[in-house]
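*Asks:* One file is attached below, coords01.cif, containing mmCIF, C-alpha atoms and all ligand atoms.
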```cif
data_entry
#
loop_
_atom_site.label_atom_id
_atom_site.label_comp_id
_atom_site.auth_asym_id
_atom_site.auth_seq_id
_atom_site.Cartn_x
_atom_site.Cartn_y
_atom_site.Cartn_z
CA MET A 287 0.00 0.00 0.00
CA ARG A 288 1.25 3.39 -1.01
CA GLN A 289 3.67 1.24 -2.92
CA ALA A 290 4.21 4.34 -5.05
CA GLY A 291 4.60 7.65 -3.27
CA ARG A 292 6.74 10.23 -1.61
CA TYR A 293 9.34 7.84 -0.19
CA MET A 294 10.51 7.35 -3.81
CA SER A 295 12.67 10.07 -5.39
CA GLU A 296 11.20 9.23 -8.83
CA TYR A 297 7.75 10.16 -7.48
CA ARG A 298 8.96 13.33 -5.75
CA GLU A 299 10.60 14.41 -9.02
CA LEU A 300 7.32 14.08 -10.91
CA ARG A 301 5.44 15.87 -8.11
CA LYS A 302 7.62 18.94 -8.64
CA ARG A 303 5.84 19.36 -11.96
CA TYR A 304 2.34 17.99 -11.27
CA GLY A 305 -0.15 17.99 -8.40
CA MET A 306 -1.35 14.64 -7.13
CA LEU A 307 -4.77 15.02 -8.74
CA GLU A 308 -3.12 16.05 -12.00
CA ILE A 309 -1.16 12.81 -12.01
CA ILE A 310 -4.26 10.79 -11.23
CA ARG A 311 -6.31 12.49 -13.96
CA GLN A 312 -3.71 11.84 -16.68
CA PRO A 313 -3.64 8.12 -17.47
CA GLU A 314 -0.10 8.20 -18.90
CA LEU A 315 1.22 9.75 -15.68
CA SER A 316 -0.75 7.38 -13.40
CA CYS A 317 0.59 4.48 -15.39
CA GLN A 318 4.13 5.85 -15.11
CA VAL A 319 3.85 6.18 -11.30
CA THR A 320 2.26 2.72 -11.03
CA MET A 321 5.38 1.34 -12.70
CA GLN A 322 7.91 3.20 -10.51
CA PRO A 323 7.96 0.68 -7.63
CA ILE A 324 7.76 -2.19 -10.12
CA GLU A 325 10.95 -0.93 -11.81
CA ALA A 326 12.69 -0.37 -8.47
CA PHE A 327 11.75 -3.54 -6.53
CA ASP A 328 11.00 -7.20 -7.25
CA LEU A 329 7.33 -6.88 -6.28
CA ASP A 330 4.74 -9.58 -6.99
CA ALA A 331 1.91 -7.21 -7.92
CA ALA A 332 1.34 -3.65 -9.01
CA ILE A 333 -1.43 -1.42 -7.64
CA ILE A 334 -2.88 1.24 -9.89
CA PHE A 335 -1.86 4.76 -8.90
CA ALA A 336 -5.05 6.58 -7.93
CA ASP A 337 -6.75 7.61 -4.69
CA ILE A 338 -9.98 6.68 -2.96
CA LEU A 339 -11.44 10.21 -3.15
CA PRO A 340 -11.62 11.33 -6.83
CA PRO A 341 -14.53 8.96 -7.64
CA LEU A 342 -16.64 10.98 -5.16
CA GLU A 343 -16.70 13.75 -7.77
CA GLY A 344 -19.13 11.52 -9.66
CA LEU A 345 -21.63 12.26 -6.86
CA GLY A 346 -21.01 16.01 -7.19
CA LEU A 347 -18.50 16.34 -4.33
CA LYS A 348 -15.50 18.63 -4.89
CA VAL A 349 -12.28 16.90 -3.88
CA GLY A 350 -8.88 18.48 -3.30
CA PHE A 351 -5.53 17.62 -1.73
CA GLU A 352 -3.89 20.45 0.16
CA ALA A 353 -0.18 20.22 0.95
CA GLY A 354 0.31 18.91 4.47
CA GLU A 355 -3.40 18.61 5.19
CA GLY A 356 -4.38 15.56 3.22
CA PRO A 357 -7.69 15.25 1.42
CA ILE A 358 -10.47 17.86 1.48
CA VAL A 359 -14.09 17.62 0.39
CA HIS A 360 -15.13 21.24 -0.17
CA ASN A 361 -18.90 20.61 -0.07
CA PRO A 362 -19.37 17.95 2.62
CA VAL A 363 -22.61 16.04 3.10
CA ARG A 364 -24.18 17.06 6.41
CA ASP A 365 -27.95 16.64 6.17
CA GLU A 366 -30.78 15.08 4.22
CA ALA A 367 -30.86 17.84 1.60
CA ASP A 368 -27.15 17.26 0.92
CA VAL A 369 -27.72 13.53 0.42
CA LEU A 370 -30.72 14.11 -1.84
CA ALA A 371 -28.65 16.56 -3.92
CA LEU A 372 -26.00 13.92 -4.67
CA ALA A 373 -25.87 13.00 -8.35
CA THR A 374 -26.44 9.50 -9.65
CA PRO A 375 -23.10 9.04 -11.34
CA ASP A 376 -22.18 7.66 -14.70
CA VAL A 377 -19.30 5.77 -13.09
CA GLU A 378 -17.29 5.20 -16.26
CA GLU A 379 -17.48 8.87 -17.15
CA ALA A 380 -16.54 10.00 -13.63
CA THR A 381 -13.53 7.69 -13.37
CA TRP A 382 -12.45 7.30 -17.03
CA PHE A 383 -8.85 8.38 -16.26
CA THR A 384 -8.25 5.54 -13.77
CA LEU A 385 -9.93 3.00 -16.05
CA GLU A 386 -7.67 4.14 -18.91
CA ALA A 387 -4.63 4.05 -16.59
CA ILE A 388 -5.52 0.41 -15.79
CA ARG A 389 -5.59 -0.44 -19.50
CA LEU A 390 -2.20 1.23 -20.04
CA ALA A 391 -0.62 -0.38 -16.97
CA ARG A 392 -1.86 -3.84 -17.96
CA ARG A 393 -0.05 -3.46 -21.29
CA GLU A 394 3.19 -2.54 -19.49
CA LEU A 395 2.86 -5.36 -16.95
CA GLU A 396 1.76 -8.11 -19.32
CA GLY A 397 5.27 -8.96 -20.57
CA ARG A 398 6.64 -9.11 -17.03
CA GLY A 399 3.94 -11.47 -15.76
CA ILE A 400 3.00 -9.09 -12.94
CA PRO A 401 -0.70 -8.74 -12.05
CA LEU A 402 -2.44 -5.42 -11.46
CA ILE A 403 -4.61 -4.60 -8.43
CA GLY A 404 -7.42 -2.08 -8.74
CA PHE A 405 -9.06 -0.50 -5.70
CA SER A 406 -11.75 1.67 -4.19
CA GLY A 407 -12.55 3.14 -0.82
CA ALA A 408 -15.21 1.13 1.02
CA PRO A 409 -18.57 2.87 1.56
CA PHE A 410 -17.97 3.58 5.26
CA THR A 411 -14.52 5.15 4.76
CA LEU A 412 -15.82 7.20 1.82
CA ALA A 413 -18.73 8.34 4.01
CA CYS A 414 -16.17 9.48 6.60
CA TYR A 415 -14.51 11.89 4.14
CA SER A 416 -17.82 12.90 2.51
CA VAL A 417 -19.43 13.93 5.81
CA GLU A 418 -16.40 15.20 7.71
CA GLY A 419 -14.99 17.09 4.69
CA GLY A 420 -11.44 15.91 5.33
CA SER A 421 -9.25 13.90 7.65
CA SER A 422 -10.14 13.72 11.32
CA LYS A 423 -9.02 11.92 14.46
CA ASP A 424 -12.40 10.52 15.41
CA PHE A 425 -14.76 11.39 12.50
CA SER A 426 -17.32 12.46 15.10
CA LEU A 427 -19.56 14.36 12.65
CA THR A 428 -19.80 11.21 10.56
CA LYS A 429 -20.52 8.92 13.50
CA ARG A 430 -23.03 11.38 14.92
CA LEU A 431 -24.97 11.41 11.64
CA MET A 432 -24.89 7.61 11.66
CA MET A 433 -26.14 7.40 15.25
CA VAL A 434 -28.68 10.22 15.22
CA ARG A 435 -30.07 9.97 11.69
CA PRO A 436 -29.73 6.34 10.57
CA ASP A 437 -32.32 7.05 7.87
CA ILE A 438 -30.06 9.65 6.21
CA TRP A 439 -27.07 7.39 6.80
CA ARG A 440 -28.72 4.55 4.89
CA GLN A 441 -29.51 6.84 1.95
CA LEU A 442 -25.91 8.08 1.82
CA MET A 443 -24.46 4.56 2.14
CA GLY A 444 -26.82 3.35 -0.60
CA LYS A 445 -25.42 5.97 -2.99
CA LEU A 446 -21.82 5.18 -2.05
CA THR A 447 -22.44 1.45 -2.43
CA GLY A 448 -23.72 1.99 -5.98
CA LEU A 449 -20.69 4.11 -6.83
CA VAL A 450 -18.16 1.66 -5.35
CA GLY A 451 -19.77 -1.43 -6.90
CA GLY A 452 -19.92 0.15 -10.35
CA TYR A 453 -16.39 1.52 -10.09
CA LEU A 454 -14.84 -1.81 -9.08
CA ARG A 455 -16.76 -3.68 -11.77
CA ALA A 456 -15.52 -1.18 -14.37
CA GLN A 457 -11.94 -1.67 -13.11
CA ALA A 458 -12.25 -5.44 -13.55
CA GLN A 459 -13.56 -4.87 -17.08
CA ALA A 460 -10.64 -2.54 -17.81
CA GLY A 461 -8.24 -5.32 -16.78
CA ALA A 462 -7.64 -5.19 -13.00
CA GLN A 463 -6.86 -8.75 -11.87
CA ALA A 464 -7.67 -8.28 -8.17
CA LEU A 465 -9.63 -5.57 -6.37
CA GLN A 466 -8.91 -4.09 -2.98
CA LEU A 467 -11.53 -2.39 -0.85
CA PHE A 468 -9.92 0.13 1.54
CA ASP A 469 -11.87 0.59 4.77
CA THR A 470 -9.21 2.51 6.68
CA TRP A 471 -11.56 3.92 9.31
CA ALA A 472 -13.68 0.82 10.03
CA GLY A 473 -11.85 0.46 13.36
CA LEU A 474 -13.60 3.60 14.64
CA LEU A 475 -16.81 1.57 14.95
CA SER A 476 -17.95 -0.78 17.69
CA PRO A 477 -18.62 -4.33 16.50
CA ALA A 478 -22.38 -3.71 16.74
CA ASP A 479 -22.21 -0.45 14.78
CA TYR A 480 -19.93 -2.01 12.18
CA ALA A 481 -22.38 -4.91 11.75
CA GLU A 482 -25.33 -2.55 11.36
CA PHE A 483 -23.94 0.51 9.58
CA ALA A 484 -20.99 -0.66 7.47
CA LEU A 485 -20.97 -4.43 6.94
CA PRO A 486 -24.16 -4.78 4.85
CA TYR A 487 -22.80 -2.27 2.33
CA ASN A 488 -19.44 -4.06 2.09
CA GLN A 489 -21.30 -7.31 1.56
CA ALA A 490 -23.42 -5.76 -1.19
CA VAL A 491 -20.34 -4.37 -2.97
CA ILE A 492 -18.42 -7.66 -2.71
CA ARG A 493 -21.42 -9.71 -3.87
CA GLU A 494 -21.75 -7.45 -6.89
CA VAL A 495 -18.03 -7.42 -7.70
CA SER A 496 -17.51 -11.16 -7.23
CA ARG A 497 -19.68 -11.70 -10.29
CA ALA A 498 -16.81 -10.21 -12.33
CA GLY A 499 -14.76 -13.27 -11.27
CA VAL A 500 -11.94 -11.22 -9.75
CA PRO A 501 -10.67 -11.84 -6.19
CA VAL A 502 -11.43 -9.17 -3.61
CA ILE A 503 -9.15 -8.05 -0.76
CA TYR A 504 -10.81 -6.25 2.16
CA PHE A 505 -8.45 -3.91 4.02
CA SER A 506 -9.15 -2.22 7.34
CA THR A 507 -7.19 -1.02 10.36
CA GLY A 508 -7.90 -1.25 14.07
CA THR A 509 -10.50 -3.99 13.61
CA SER A 510 -8.85 -6.89 15.45
CA GLY A 511 -11.53 -6.63 18.16
CA MET A 512 -14.15 -7.64 15.58
CA LEU A 513 -12.22 -9.67 13.04
CA GLU A 514 -14.89 -12.37 12.68
CA VAL A 515 -17.51 -9.74 11.83
CA VAL A 516 -15.17 -7.99 9.40
CA ALA A 517 -14.29 -11.28 7.70
CA SER A 518 -17.96 -12.00 7.10
CA CYS A 519 -17.96 -9.29 4.39
CA GLY A 520 -17.37 -12.06 1.85
CA ALA A 521 -13.91 -11.05 0.60
CA ASP A 522 -11.43 -13.68 -0.57
CA VAL A 523 -8.61 -11.99 1.35
CA VAL A 524 -8.77 -10.11 4.65
CA GLY A 525 -6.04 -7.59 5.47
CA VAL A 526 -4.92 -7.29 9.09
CA ASP A 527 -2.74 -4.68 10.74
CA TRP A 528 0.02 -5.20 13.31
CA ARG A 529 -2.32 -4.87 16.27
CA ILE A 530 -2.92 -8.62 16.15
CA ASP A 531 -0.62 -11.60 15.69
CA LEU A 532 -1.12 -12.85 12.14
CA GLY A 533 -1.42 -16.51 13.16
CA GLU A 534 -4.09 -15.64 15.72
CA ALA A 535 -5.99 -13.58 13.11
CA TRP A 536 -5.96 -16.58 10.80
CA ARG A 537 -7.23 -18.95 13.47
CA ARG A 538 -10.10 -16.57 14.10
CA VAL A 539 -11.20 -16.05 10.48
CA GLY A 540 -10.69 -19.69 9.50
CA PRO A 541 -8.75 -21.37 6.71
CA SER A 542 -11.15 -20.52 3.87
CA VAL A 543 -9.99 -16.89 3.85
CA ALA A 544 -6.54 -15.70 2.74
CA ILE A 545 -4.71 -13.20 4.94
CA GLN A 546 -2.78 -10.08 3.95
CA GLY A 547 -0.38 -8.34 6.30
CA ASN A 548 0.84 -7.36 8.73
CA LEU A 549 4.21 -5.68 9.28
CA ASP A 550 4.11 -2.33 11.12
CA PRO A 551 5.21 0.25 8.48
CA VAL A 552 7.35 1.97 11.12
CA ALA A 553 9.68 -1.06 10.98
CA LEU A 554 10.85 0.21 7.57
CA LEU A 555 12.29 3.29 9.29
CA GLY A 556 14.58 1.16 11.44
CA ASP A 557 17.83 -0.58 10.66
CA TRP A 558 17.98 -3.75 8.66
CA ALA A 559 18.64 -6.13 11.57
CA GLU A 560 15.48 -5.01 13.35
CA LEU A 561 13.40 -4.83 10.16
CA SER A 562 14.38 -8.34 9.07
CA ARG A 563 13.70 -9.74 12.55
CA ARG A 564 10.20 -8.28 12.45
CA ALA A 565 9.54 -9.46 8.90
CA ALA A 566 10.64 -12.97 9.91
CA ARG A 567 8.20 -12.89 12.81
CA VAL A 568 5.32 -12.12 10.43
CA LEU A 569 6.37 -14.99 8.14
CA GLU A 570 6.72 -17.36 11.10
CA SER A 571 3.23 -16.41 12.30
CA ALA A 572 1.86 -17.16 8.83
CA GLY A 573 3.61 -20.52 9.19
CA GLY A 574 3.98 -21.13 5.47
CA ARG A 575 0.22 -21.53 5.04
CA PRO A 576 -0.96 -21.07 1.46
CA GLY A 577 -2.83 -17.82 0.96
CA HIS A 578 -0.60 -15.46 2.91
CA ILE A 579 0.05 -12.18 1.08
CA PHE A 580 2.99 -10.52 2.82
CA ASN A 581 2.28 -6.81 3.17
CA LEU A 582 2.48 -3.93 5.58
CA GLY A 583 -0.42 -3.36 7.96
CA HIS A 584 -0.82 0.14 6.48
CA GLY A 585 0.88 2.36 3.87
CA VAL A 586 4.61 2.89 3.37
CA LEU A 587 5.62 6.00 5.36
CA ARG A 588 7.21 8.87 3.50
CA ASP A 589 10.59 8.67 5.30
CA SER A 590 11.07 4.97 4.53
CA PRO A 591 14.45 4.39 2.85
CA PRO A 592 13.81 2.71 -0.53
CA GLU A 593 16.79 0.48 0.20
CA ASN A 594 14.85 -1.02 3.13
CA VAL A 595 11.87 -1.68 0.86
CA ARG A 596 14.14 -3.41 -1.66
CA ARG A 597 15.81 -5.59 0.95
CA LEU A 598 12.47 -6.45 2.58
CA VAL A 599 10.94 -7.64 -0.71
CA ASP A 600 13.99 -9.83 -1.41
CA PHE A 601 14.06 -11.13 2.16
CA VAL A 602 10.41 -12.25 1.97
CA HIS A 603 11.01 -14.04 -1.33
CA GLU A 604 14.10 -15.85 -0.08
CA TYR A 605 12.56 -16.72 3.28
CA ARG A 606 9.67 -18.47 1.61
CA LEU A 607 12.05 -20.53 -0.49
CA GLU A 608 13.96 -21.63 2.61
CA VAL A 609 10.75 -22.73 4.35
CA LYS A 610 9.76 -24.78 1.30
CA ALA A 611 13.18 -26.34 0.94
CA GLY A 612 13.21 -27.38 4.59
CA SER A 613 9.70 -28.86 4.71
O1 LIG B 1 -0.78 1.97 -3.03
C1 LIG B 1 -0.53 2.64 -4.05
O2 LIG B 1 0.63 2.83 -4.48
C2 LIG B 1 -1.69 3.22 -4.81
C3 LIG B 1 -1.99 4.55 -4.49
C4 LIG B 1 -2.86 4.92 -3.31
C5 LIG B 1 -2.87 6.25 -2.85
N1 LIG B 1 -3.87 6.37 -1.94
C6 LIG B 1 -1.99 7.31 -3.32
C7 LIG B 1 -1.72 8.46 -2.44
C8 LIG B 1 -3.81 4.22 -2.59
C9 LIG B 1 -4.17 2.76 -2.62
C10 LIG B 1 -4.45 5.16 -1.73
C11 LIG B 1 -5.60 4.81 -0.85
C12 LIG B 1 -6.06 5.80 0.13
N2 LIG B 1 -6.12 7.16 0.01
C13 LIG B 1 -6.62 5.45 1.38
C14 LIG B 1 -6.87 4.06 1.88
C15 LIG B 1 -5.62 3.42 2.36
C16 LIG B 1 -4.95 4.11 3.51
O3 LIG B 1 -3.82 4.59 3.32
O4 LIG B 1 -5.52 4.18 4.59
C17 LIG B 1 -6.97 6.66 2.03
C18 LIG B 1 -7.57 6.80 3.40
C19 LIG B 1 -6.67 7.71 1.14
C20 LIG B 1 -6.89 9.17 1.36
C21 LIG B 1 -5.63 9.93 1.34
N3 LIG B 1 -4.87 10.17 0.21
C22 LIG B 1 -4.97 10.53 2.43
C23 LIG B 1 -5.44 10.50 3.86
C24 LIG B 1 -3.83 11.18 1.91
C25 LIG B 1 -2.86 12.07 2.64
C26 LIG B 1 -1.86 11.24 3.35
C27 LIG B 1 -0.51 11.83 3.29
O5 LIG B 1 0.41 11.05 3.54
O6 LIG B 1 -0.34 13.02 3.01
C28 LIG B 1 -3.76 10.89 0.53
C29 LIG B 1 -2.69 11.34 -0.38
C30 LIG B 1 -2.02 10.26 -1.15
N4 LIG B 1 -2.65 9.24 -1.81
C31 LIG B 1 -0.62 10.15 -1.36
C32 LIG B 1 -0.43 9.02 -2.18
C33 LIG B 1 0.86 8.50 -2.75
C34 LIG B 1 0.44 11.15 -0.89
C35 LIG B 1 1.00 11.69 -2.17
C36 LIG B 1 1.28 13.12 -2.38
O7 LIG B 1 0.98 14.00 -1.55
O8 LIG B 1 1.86 13.36 -3.45
#
```
What is this file in structure tokens?
*Replies:*
Amino acid sequence: MRQAGRYMSEYRELRKRYGMLEIIRQPELSCQVTMQPIEAFDLDAAIIFADILPPLEGLGLKVGFEAGEGPIVHNPVRDEADVLALATPDVEEATWFTLEAIRLARRELEGRGIPLIGFSGAPFTLACYSVEGGSSKDFSLTKRLMMVRPDIWRQLMGKLTGLVGGYLRAQAQAGAQALQLFDTWAGLLSPADYAEFALPYNQAVIREVSRAGVPVIYFSTGTSGMLEVVASCGADVVGVDWRIDLGEAWRRVGPSVAIQGNLDPVALLGDWAELSRRAARVLESAGGRPGHIFNLGHGVLRDSPPENVRRLVDFVHEYRLEVKAGS
């Protein structure tokens, strides 16, 4: 996650000339950034360079990224009138640049045998930004709307579910070979609230997208207290963060689900001895079970030395070979 980004000098170079949204809205540039980590490291998959927020423009929301502040929604959704005013999007028109970037990236990746992951924000996490208008510690405006006006909440989530389902299906059609649903803020909810106010919409999206025949990865953070509920969303792969031991997470969700994770991204800021020790612990917890996707529990941090990323990728590849050879 954030496989491409500011920790790479190639990305920072390009950002001197273009804003982040400019890169995302020009398919050639998105494709170029998608390929940057693929050129630099021996990664097993590429993820299309985009963000979870631009598709919200299809609903009529105005999205921006301000330096140092993260994402902004200039006209947040706060009441029933705001929800009713949301447009019913033509998803392909609203997201054409990412769909085209997927087509371009597939062409680049084909010869190398590297698959491409498409993605979307999950309805709950998109609702967080749509209501709050930007990043927040606790997203209290969003949760208050959910608690106090569940009727408005359901209308909003219905619209977001339609957008997300259509967007992911279009990405599969454009050539994405796996789809990741990012629910970064799901951990702000109690298990009961998650089950009532977020889960049904994830299930609807995943049911819809599974018909495209492409595997779905569900990512969230801070949800180890309700992992069984989260895993019932129907995804093929469940991402877990470092707040739970990976082996324990797997025991709890059962063997029919693959697991992605779960190195703490901060480990990449440390020296190699400590980083490799921590990576080995994740691999040991996975225990060589089929269906483990080694990943970080959240995005690569901007001060991560690329050399650490390179060594980590190689370490994980070699470690797996040793386990196989010894078993
Ligand atoms: O993984 C990849 O390489 C694909 C690209 C990708 C980005 N954002 C690019 C990006 C992906 C998969 C995302 C997902 C995303 N975006 C999520 C879900 C996953 C997560 O990280 O929790 C969320 C919540 C967002 C919203 C978002 N976008 C935030 C909060 C920020 C600001 C964070 C920051 O570090 O400033 C962004 C900006 C963003 N999206 C950057 C990148 C590479 C920073 C780039 C820049 O400023 O040039």
*Asks:* Need to verify the contact set: stretch 372-378 of chain A, 7 Å, only C-alpha atoms, exclusion of same-chain residues closer than 5 positions in sequence. Can you return it as a count of residues only?
*Replies:* 7
*Asks:* Would you work out the distance separating atom CA of A:Phe483 from atom CA of A:Ser406, expressed in Å to one decimal?
*Replies:*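 The value is 18.4 Å.
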*Asks:* For stretch 594-606 of chain A, work out the shell of residues within 8 Å, counting only C-alpha atoms and skipping chain neighbours fewer than 5 positions away, then give it as a short mmCIF file (atom, residue, chain, number, x, y, z; two decimals) with C-alpha atoms, keeping the file's coordinate frame.
*Replies:*
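Writing the result to around_38.cif gives the following:
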```
data_model
loop_
_atom_site.label_atom_id
_atom_site.label_comp_id
_atom_site.auth_asym_id
_atom_site.auth_seq_id
_atom_site.Cartn_x
_atom_site.Cartn_y
_atom_site.Cartn_z
CA ALA A 326 12.69 -0.37 -8.47
CA PHE A 327 11.75 -3.54 -6.53
CA ASP A 328 11.00 -7.20 -7.25
CA LEU A 329 7.33 -6.88 -6.28
CA LEU A 554 10.85 0.21 7.57
CA LEU A 555 12.29 3.29 9.29
CA TRP A 558 17.98 -3.75 8.66
CA LEU A 561 13.40 -4.83 10.16
CA SER A 562 14.38 -8.34 9.07
CA ALA A 565 9.54 -9.46 8.90
CA ALA A 566 10.64 -12.97 9.91
CA LEU A 569 6.37 -14.99 8.14
CA GLY A 574 3.98 -21.13 5.47
CA PHE A 580 2.99 -10.52 2.82
#
```
*Asks:* What lies within 6 Å of stretch 515-522 of chain A using all atoms listed in the file, ignoring chain neighbours under 4 positions off, as a PyMOL selection string?
*Replies:* chain A and resi 488-489+501-504+543
*Asks:* Store the residues picked out above in a file with C-alpha atoms, as a PDB file, keeping the file's coordinate frame.
*Replies:*
```pdb
ATOM      1  CA  ASN A 488     -19.440  -4.060   2.090  1.00  0.00           C
ATOM      2  CA  GLN A 489     -21.300  -7.310   1.560  1.00  0.00           C
ATOM      3  CA  PRO A 501     -10.670 -11.840  -6.190  1.00  0.00           C
ATOM      4  CA  VAL A 502     -11.430  -9.170  -3.610  1.00  0.00           C
ATOM      5  CA  ILE A 503      -9.150  -8.050  -0.760  1.00  0.00           C
ATOM      6  CA  TYR A 504     -10.810  -6.250   2.160  1.00  0.00           C
ATOM      7  CA  VAL A 543      -9.990 -16.890   3.850  1.00  0.00           C
TER       8      VAL A 543
END
```
*Asks:* Find the residue from A:Trp528, A:Val552, A:Gly399, A:Met433 that sits nearest to A:Pro591; use only C-alpha atoms when measuring.
*Replies:*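 Of A:Trp528, A:Val552, A:Gly399, A:Met433, the one nearest A:Pro591 is A:Val552, counting only C-alpha atoms.
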*Asks:* Env of A:Met432: 12 Å cut, atoms = all atoms listed in the file, seq-sep filter 5 positions within chain, self excluded. Answer as a list in words.
*Replies:*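 Once the adjacent positions are removed, what remains is Arg364, Asp365, Phe410, Ala413, Cys414, Val417, Phe425, Ser426, Leu427, Asp437, Ile438, Trp439, Arg440, Gln441, Leu442, Met443, Leu475, Asp479, Tyr480, Glu482, Phe483 and Ala484 of chain A.
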*Asks:* Find the distance between atom CA of A:Ala371 and atom CA of A:Gly356 and write it in Å to one decimal.
*Replies:* 25.3 Å
*Asks:* Quick one: axis-aligned box around all listed atoms of ligand LIG 1 (chain B), 4 Å on every side, centre and edge lengths in Å to one decimal, written as AutoDock Vina command-line options.
*Replies:*
```
--center_x -2.9 --center_y 8.0 --center_z -0.1 --size_x 17.4 --size_y 20.0 --size_z 17.4
```
